[in-house]
Amino acid sequence: MELTFPIRGLHVGMPSSQQPQGTSRDLNNVRPFYDGRACGGQRPGLDKRYSQQIADVAGPIVAICSVSTVSA
Amino acid sequence: MSTVYDQNIAADTTTGFFGDAGDRLTFQTFTPSVSYDAVSVSLKMYKPGTGTIGDITLSLRMVDGDSKPTGGDLISGTTPGDTLTTDNSGEWRQITFSAAYELTAGVEYAIVARADECDESKNVVCRATSENAYTNGKGGYSTDGGSSWTVYSQTDLLFRVYGDAIIAPPSTSQYYTKRIVAIGSDEVWYGVDETPTQLADSIGQLDTTDFISMFEAYGKAFIFNNARLRIVDFVNVKLTTADIGSNPPDFHTILTGGTSGAKMVVDYITALSSASTIYGKRTTEDTFVSGETVTGTDDGGNAISFVISADEVAGPHWYDYTVYGGDAVYGALPDQATLGCNWRGRIILSGDKDYPHQWYMSRQRNPWDFNYIANDAGSPIAGGNGEMGEVGDVVVAVIAYSRDYLIFGCANSLWVMAGDPAENGSLYEFYSTGGILSADSWCRDKNRNLYILSTVGLLRIAPNFQSIENLTESSYPEFVDGLAYNGASHKLLMGYDRKRHGIQIIRTTLVSGANSCWWYDLRTEGLFPDSYPDACGAFSLFDYEAVDPTYQGLLYGCNDGYIRYADDDAKDDDAGDSDVAIDSYITFGPLKLGKEGQESTITSIIGITTGGGSGGTIADSNALTYSAWTALSADSIVEKLAANTTPNAAGTIAAPGRNRGARKRKPIRGLYAGIRIGNDTAAQTWGLEKLIVESRMKGRVK
């Protein structure tokens, strides 16, 4: 049998013997699209968007928004 | 195609020359009438007699006030001088510069000709005009290698300068600024690029352990942090006065500085009498100056006049959110709020812990007016969500879904305000089966579908409420139970990733950053569990529509104070000082190996990963490990896959692509099989083309 990546993700709603096609009962840190194709693979890593740490001490960033202005 | 921009092609009745082992140079100046990119230049030249010329260099230089070359070459090019004609009528020899050089209209430049490799006493002759026939420049020469120059009295070299039109860069919307604003460790930071800046006035003015919300409106960030209702104002300038006078300016009054002539449109003032601070949008380049008298006319036609005690101060400003002038004539804000948004130009507040079922709306287009007794189409208004005669459901989230709809996500129901409440709008319950789990457990996709993580699962609400689907109802019926969300100890977030067309769902433990996450892929309609290092545990998500594409995308406000993003090139998670390997895996199965009651043997497993080897256009996978189990029941396989211990067979799948010897031969027997593949090695990633499992029927189960 040929098995491809379970691109329909987690499915635990059926009896074990009737696992739906394209699903998995256990998976972690993966994405159905990898390198721009629906072949599946490891998820992208998280990287710093800004090298600057918010606040002088390490503490969670609890809110983010953006503000636009037009100057004279 | 380059064209001639400057030239002297009049009748050539005389000559100039250069050479003599580089000692003799000649030049011709010109002044462009328009700016252009010079790409080449030509002189009409010949080489008399025998001897070596070597390379001829033509360059552009600046000139001094006497039309003599000065400074080094701005740009230059060469041509082999020994290929010049010996005919004394000369030839036009065009030399292309090493790069285009932008010439400015009205500035005089010199074409300088030299031949450093030329034999001593040997020269190249340039055809020229006499009697100052060329009026837009001067010809001349040097006999000391360019140390000093002499201008001809009447001679001008024949020349042509070729160029291209300068293409103006597209407008950069230079007056438009979009900045990110973030809150961490009880303070606010903001910035446009790589280096967010601390807003010093905000330090210690917030409590980030308390509930908090922040949103954009009117060039400001409104922050609701229980009793701490604050504003970061990026759009206004600030004036201060010791006495605002008897007629304070009204909202949107135009004020003029008596000395400076500066003008502003008043936005907000802190007091209607005595000392006051005035915030307004300046509309002139002139700025307000200390000591000047500022005047205007209020809405009642009364003259406004006060003296400012300091020069205007540019933003960003940090101040408390109050009604206009802090005066009861404009009503009163709730004492506390933790929820907010901007809808139809109204500031919406809710989350008052003493009145959690209540919501409050400012006047339309005026965030400072909460005088609910007004009776007009823009009137401030307050209310709750419930049947008449009952206390309404607790408001958990306020969602500015569209211009027409404001959604109140409540603890046990979902309500919508359709249309403006002061202009025939209606408020009704559109979902009574469940409520929203947290203030931030919702998002919208690019198709304007709304997603809500509700008490009954992940809901998708189609535009205009055409349909409501529970996306996890069949695939993960106990999804909400599995979340085990507790508002007192967890942060629960949802964010739409427009680059990958999916939804990130994150539940983070407040005290540690430990997290349980899910990715719902909207392309395949599948749910995928994730986990991140505690340092990366997200406390906020934001879909940033930055002006610079570099910064666009879903941002993760993390436990360690950094803002992160999903980087397709990153094979690990950045955890601050170190990178952490991503433990990624999938499982296949339970796979029924044969007919009911018939055991089979897995005879081989062949893994084919992505990539075609070194180079190429397809990303190469790293190797994978695999484990395989067999059992007599499907549930047993499920348990073995979850336990991930003592596999019946295990090994490595080499990568990339399909490798010789990839067939894994270790027969294992059973009714059902389960296979797990993955990788948990630092700096590695993987993609799967397919897995080929071969089996052979055996006997009946005994």
# chains A, B, ... in the order shown; residues from 1 in each chain; ligands from 1
call {"tool": "residues_around", "arguments": {"residues": "region 53-59 of chain A", "least_positions_apart": "3", "cutoff": "6 Å", "atoms": "only C-alpha atoms", "output": "list in words"}}
result
Ser185, Asn559, Asp560, Gly561 and Tyr562 of chain B
call {"tool": "residues_around", "arguments": {"residues": "Thr550 (chain B)", "least_positions_apart": "3", "cutoff": "10 Å", "atoms": "only C-alpha atoms", "output": "list of chain:residue names"}}
result
A:Arg49, B:Asp193, B:Ala546, B:Val547, B:Gly553
call {"tool": "select_by_dssp", "arguments": {"residues": "region 513-692 of chain B", "states": "alpha helix (DSSP H)", "output": "MDAnalysis selection string"}}
result
chainID B and resid 634:643
call {"tool": "residues_around", "arguments": {"residues": "Gly41 (chain A)", "least_positions_apart": "3", "cutoff": "8 Å", "atoms": "only C-alpha atoms", "output": "PDB file with C-alpha atoms, in the first residue's frame"}}
result
ATOM      1  CA  PHE A   5       0.975  12.503   4.294  1.00  0.00           C
ATOM      2  CA  VAL A  30       3.673  19.243  10.959  1.00  0.00           C
ATOM      3  CA  ARG A  31       1.912  21.039   8.127  1.00  0.00           C
ATOM      4  CA  PRO A  32       0.057  19.614   5.126  1.00  0.00           C
ATOM      5  CA  PHE A  33       1.895  22.017   2.839  1.00  0.00           C
ATOM      6  CA  TYR A  34       5.669  21.731   2.722  1.00  0.00           C
TER       7      TYR A  34
ATOM      8  CA  THR B 685      13.482  19.422   8.567  1.00  0.00           C
ATOM      9  CA  TRP B 686      11.617  17.010   6.366  1.00  0.00           C
ATOM     10  CA  GLY B 687       8.961  16.499   3.783  1.00  0.00           C
ATOM     11  CA  LEU B 688       7.319  13.233   2.734  1.00  0.00           C
TER      12      LEU B 688
END
call {"tool": "select_by_dssp", "arguments": {"residues": "chain A", "states": "strand (DSSP E)", "output": "PyMOL selection string"}}
result
chain A and resi 2-3+27-28+30-31+41-42+45-48+61-70
call {"tool": "write_last_selection", "arguments": {"atoms": "C-alpha atoms", "output": "compact mmCIF listing (two decimals), in the first residue's frame"}}
result
# COMPACT_ATOMS: atom_id res chain seq x y z
CA GLU A 2 1.10 3.58 -0.65
CA LEU A 3 0.72 5.99 2.21
CA LEU A 27 0.77 13.86 14.83
CA ASN A 28 2.66 16.92 15.99
CA VAL A 30 3.67 19.24 10.96
CA ARG A 31 1.91 21.04 8.13
CA GLY A 41 6.30 17.89 6.35
CA GLN A 42 7.69 19.62 9.37
CA GLY A 45 10.31 27.27 12.93
CA LEU A 46 9.59 30.40 14.90
CA ASP A 47 12.11 33.16 14.48
CA LYS A 48 12.48 36.65 15.95
CA ILE A 61 4.04 40.44 25.21
CA VAL A 62 0.39 40.59 26.07
CA ALA A 63 -0.95 42.75 23.25
CA ILE A 64 0.07 43.89 19.78
CA CYS A 65 -1.62 46.22 17.34
CA SER A 66 -0.63 48.65 14.61
CA VAL A 67 -1.41 52.34 14.28
CA SER A 68 -1.39 54.29 11.05
CA THR A 69 -1.00 58.05 10.76
CA VAL A 70 -0.72 60.58 7.97
call {"tool": "residues_around", "arguments": {"residues": "Gln18 (chain A)", "least_positions_apart": "6", "cutoff": "10 Å", "atoms": "only C-alpha atoms", "output": "PyMOL selection string"}}
result
chain B and resi 589-592+634
call {"tool": "residues_around", "arguments": {"residues": "Glu312 (chain B)", "least_positions_apart": "3", "cutoff": "7 Å", "atoms": "only C-alpha atoms", "output": "PyMOL selection string"}}
result
chain B and resi 237-239+287-289
call {"tool": "residues_around", "arguments": {"residues": "Thr4 (chain A)", "least_positions_apart": "3", "cutoff": "8 Å", "atoms": "only C-alpha atoms", "output": "MDAnalysis selection string"}}
result
(chainID A and resid 22 39) or (chainID B and resid 688:691)
call {"tool": "residues_around", "arguments": {"residues": "Ala655 (chain B)", "least_positions_apart": "5", "cutoff": "8 Å", "atoms": "only C-alpha atoms", "output": "PyMOL selection string"}}
result
chain B and resi 608-611+620-624
call {"tool": "atom_distance", "arguments": {"atom1": "CA of Lys702 (chain B)", "atom2": "CA of Thr645 (chain B)"}}
result
25.9 Å
call {"tool": "closest_residue", "arguments": {"among": "B:Arg403, B:Arg363, B:Arg160, B:Arg676", "to": "chain A", "atoms": "only C-alpha atoms"}}
result
B:Arg676
call {"tool": "closest_residue", "arguments": {"among": "A:Ser71, A:Ser51, A:Pro60, A:Gln19", "to": "Pro196 (chain B)", "atoms": "only C-alpha atoms"}}
result
A:Ser51
call {"tool": "closest_residue", "arguments": {"among": "B:Pro421, B:Gly351, B:Gly258, B:Pro533", "to": "chain A", "atoms": "only C-alpha atoms"}}
result
B:Pro533
call {"tool": "decode", "arguments": {"residues": "region 26-61 of chain A", "atoms": "N, CA and C atoms", "output": "PDB file, in the first residue's frame"}}
result
ATOM      1  N   ASP A  26      -2.531  10.669  15.550  1.00  0.00           N
ATOM      2  CA  ASP A  26      -1.493  11.262  16.396  1.00  0.00           C
ATOM      3  C   ASP A  26      -0.421  11.880  15.502  1.00  0.00           C
ATOM      4  N   LEU A  27      -0.255  13.170  15.609  1.00  0.00           N
ATOM      5  CA  LEU A  27       0.775  13.857  14.828  1.00  0.00           C
ATOM      6  C   LEU A  27       1.107  15.153  15.552  1.00  0.00           C
ATOM      7  N   ASN A  28       2.255  15.708  15.262  1.00  0.00           N
ATOM      8  CA  ASN A  28       2.659  16.921  15.985  1.00  0.00           C
ATOM      9  C   ASN A  28       3.675  17.712  15.171  1.00  0.00           C
ATOM     10  N   ASN A  29       3.496  19.019  15.200  1.00  0.00           N
ATOM     11  CA  ASN A  29       4.463  19.953  14.591  1.00  0.00           C
ATOM     12  C   ASN A  29       4.667  19.700  13.097  1.00  0.00           C
ATOM     13  N   VAL A  30       3.582  19.440  12.412  1.00  0.00           N
ATOM     14  CA  VAL A  30       3.673  19.243  10.959  1.00  0.00           C
ATOM     15  C   VAL A  30       2.630  20.116  10.260  1.00  0.00           C
ATOM     16  N   ARG A  31       2.836  20.280   8.957  1.00  0.00           N
ATOM     17  CA  ARG A  31       1.912  21.039   8.127  1.00  0.00           C
ATOM     18  C   ARG A  31       1.616  20.229   6.866  1.00  0.00           C
ATOM     19  N   PRO A  32       0.388  20.368   6.348  1.00  0.00           N
ATOM     20  CA  PRO A  32       0.057  19.614   5.126  1.00  0.00           C
ATOM     21  C   PRO A  32       0.752  20.169   3.890  1.00  0.00           C
ATOM     22  N   PHE A  33       1.143  21.444   3.950  1.00  0.00           N
ATOM     23  CA  PHE A  33       1.895  22.017   2.839  1.00  0.00           C
ATOM     24  C   PHE A  33       3.353  22.183   3.264  1.00  0.00           C
ATOM     25  N   TYR A  34       4.243  21.656   2.430  1.00  0.00           N
ATOM     26  CA  TYR A  34       5.669  21.731   2.722  1.00  0.00           C
ATOM     27  C   TYR A  34       6.377  22.191   1.459  1.00  0.00           C
ATOM     28  N   ASP A  35       7.156  23.210   1.570  1.00  0.00           N
ATOM     29  CA  ASP A  35       7.887  23.738   0.418  1.00  0.00           C
ATOM     30  C   ASP A  35       6.914  24.091  -0.725  1.00  0.00           C
ATOM     31  N   GLY A  36       5.762  24.617  -0.344  1.00  0.00           N
ATOM     32  CA  GLY A  36       4.801  25.069  -1.335  1.00  0.00           C
ATOM     33  C   GLY A  36       3.992  23.976  -1.997  1.00  0.00           C
ATOM     34  N   ARG A  37       4.074  22.741  -1.490  1.00  0.00           N
ATOM     35  CA  ARG A  37       3.334  21.642  -2.097  1.00  0.00           C
ATOM     36  C   ARG A  37       2.577  20.867  -1.019  1.00  0.00           C
ATOM     37  N   ALA A  38       1.478  20.273  -1.439  1.00  0.00           N
ATOM     38  CA  ALA A  38       0.653  19.523  -0.489  1.00  0.00           C
ATOM     39  C   ALA A  38       1.203  18.121  -0.294  1.00  0.00           C
ATOM     40  N   CYS A  39       2.480  18.054   0.084  1.00  0.00           N
ATOM     41  CA  CYS A  39       3.069  16.738   0.340  1.00  0.00           C
ATOM     42  C   CYS A  39       3.275  16.518   1.838  1.00  0.00           C
ATOM     43  N   GLY A  40       3.245  17.589   2.613  1.00  0.00           N
ATOM     44  CA  GLY A  40       3.347  17.458   4.051  1.00  0.00           C
ATOM     45  C   GLY A  40       4.765  17.378   4.560  1.00  0.00           C
ATOM     46  N   GLY A  41       4.976  17.915   5.742  1.00  0.00           N
ATOM     47  CA  GLY A  41       6.297  17.888   6.352  1.00  0.00           C
ATOM     48  C   GLY A  41       6.318  18.686   7.630  1.00  0.00           C
ATOM     49  N   GLN A  42       7.514  18.917   8.101  1.00  0.00           N
ATOM     50  CA  GLN A  42       7.694  19.622   9.371  1.00  0.00           C
ATOM     51  C   GLN A  42       7.235  21.075   9.238  1.00  0.00           C
ATOM     52  N   ARG A  43       6.644  21.614  10.296  1.00  0.00           N
ATOM     53  CA  ARG A  43       6.212  23.014  10.291  1.00  0.00           C
ATOM     54  C   ARG A  43       7.415  23.949  10.278  1.00  0.00           C
ATOM     55  N   PRO A  44       7.219  25.204   9.845  1.00  0.00           N
ATOM     56  CA  PRO A  44       8.322  26.160   9.905  1.00  0.00           C
ATOM     57  C   PRO A  44       8.660  26.506  11.359  1.00  0.00           C
ATOM     58  N   GLY A  45       9.897  26.864  11.592  1.00  0.00           N
ATOM     59  CA  GLY A  45      10.306  27.266  12.931  1.00  0.00           C
ATOM     60  C   GLY A  45       9.903  28.700  13.227  1.00  0.00           C
ATOM     61  N   LEU A  46       9.854  29.009  14.504  1.00  0.00           N
ATOM     62  CA  LEU A  46       9.586  30.396  14.904  1.00  0.00           C
ATOM     63  C   LEU A  46      10.910  31.142  15.001  1.00  0.00           C
ATOM     64  N   ASP A  47      10.908  32.330  14.455  1.00  0.00           N
ATOM     65  CA  ASP A  47      12.113  33.163  14.479  1.00  0.00           C
ATOM     66  C   ASP A  47      11.750  34.543  14.992  1.00  0.00           C
ATOM     67  N   LYS A  48      12.750  35.287  15.464  1.00  0.00           N
ATOM     68  CA  LYS A  48      12.476  36.652  15.951  1.00  0.00           C
ATOM     69  C   LYS A  48      12.143  37.556  14.758  1.00  0.00           C
ATOM     70  N   ARG A  49      11.051  38.263  14.872  1.00  0.00           N
ATOM     71  CA  ARG A  49      10.704  39.252  13.844  1.00  0.00           C
ATOM     72  C   ARG A  49      11.519  40.531  14.052  1.00  0.00           C
ATOM     73  N   TYR A  50      11.659  40.896  15.321  1.00  0.00           N
ATOM     74  CA  TYR A  50      12.465  42.060  15.693  1.00  0.00           C
ATOM     75  C   TYR A  50      13.558  41.587  16.644  1.00  0.00           C
ATOM     76  N   SER A  51      14.744  42.071  16.410  1.00  0.00           N
ATOM     77  CA  SER A  51      15.836  41.670  17.295  1.00  0.00           C
ATOM     78  C   SER A  51      15.702  42.325  18.662  1.00  0.00           C
ATOM     79  N   GLN A  52      14.937  43.405  18.719  1.00  0.00           N
ATOM     80  CA  GLN A  52      14.761  44.143  19.970  1.00  0.00           C
ATOM     81  C   GLN A  52      13.760  43.425  20.874  1.00  0.00           C
ATOM     82  N   GLN A  53      14.174  43.173  22.089  1.00  0.00           N
ATOM     83  CA  GLN A  53      13.252  42.601  23.067  1.00  0.00           C
ATOM     84  C   GLN A  53      12.342  43.708  23.585  1.00  0.00           C
ATOM     85  N   ILE A  54      11.082  43.398  23.725  1.00  0.00           N
ATOM     86  CA  ILE A  54      10.132  44.374  24.251  1.00  0.00           C
ATOM     87  C   ILE A  54      10.266  44.377  25.767  1.00  0.00           C
ATOM     88  N   ALA A  55      10.606  45.543  26.293  1.00  0.00           N
ATOM     89  CA  ALA A  55      10.857  45.747  27.721  1.00  0.00           C
ATOM     90  C   ALA A  55      12.271  45.283  28.064  1.00  0.00           C
ATOM     91  N   ASP A  56      12.771  45.844  29.135  1.00  0.00           N
ATOM     92  CA  ASP A  56      14.151  45.567  29.529  1.00  0.00           C
ATOM     93  C   ASP A  56      14.294  44.212  30.206  1.00  0.00           C
ATOM     94  N   VAL A  57      13.210  43.722  30.718  1.00  0.00           N
ATOM     95  CA  VAL A  57      13.255  42.401  31.352  1.00  0.00           C
ATOM     96  C   VAL A  57      12.346  41.468  30.571  1.00  0.00           C
ATOM     97  N   ALA A  58      12.689  40.190  30.589  1.00  0.00           N
ATOM     98  CA  ALA A  58      11.885  39.224  29.850  1.00  0.00           C
ATOM     99  C   ALA A  58      10.513  39.099  30.485  1.00  0.00           C
ATOM    100  N   GLY A  59       9.516  39.425  29.726  1.00  0.00           N
ATOM    101  CA  GLY A  59       8.145  39.286  30.194  1.00  0.00           C
ATOM    102  C   GLY A  59       7.262  39.119  28.982  1.00  0.00           C
ATOM    103  N   PRO A  60       6.150  38.468  29.135  1.00  0.00           N
ATOM    104  CA  PRO A  60       5.315  38.183  27.970  1.00  0.00           C
ATOM    105  C   PRO A  60       4.771  39.437  27.293  1.00  0.00           C
ATOM    106  N   ILE A  61       4.665  39.362  25.983  1.00  0.00           N
ATOM    107  CA  ILE A  61       4.044  40.442  25.214  1.00  0.00           C
ATOM    108  C   ILE A  61       2.557  40.139  25.160  1.00  0.00           C
TER     109      ILE A  61
END
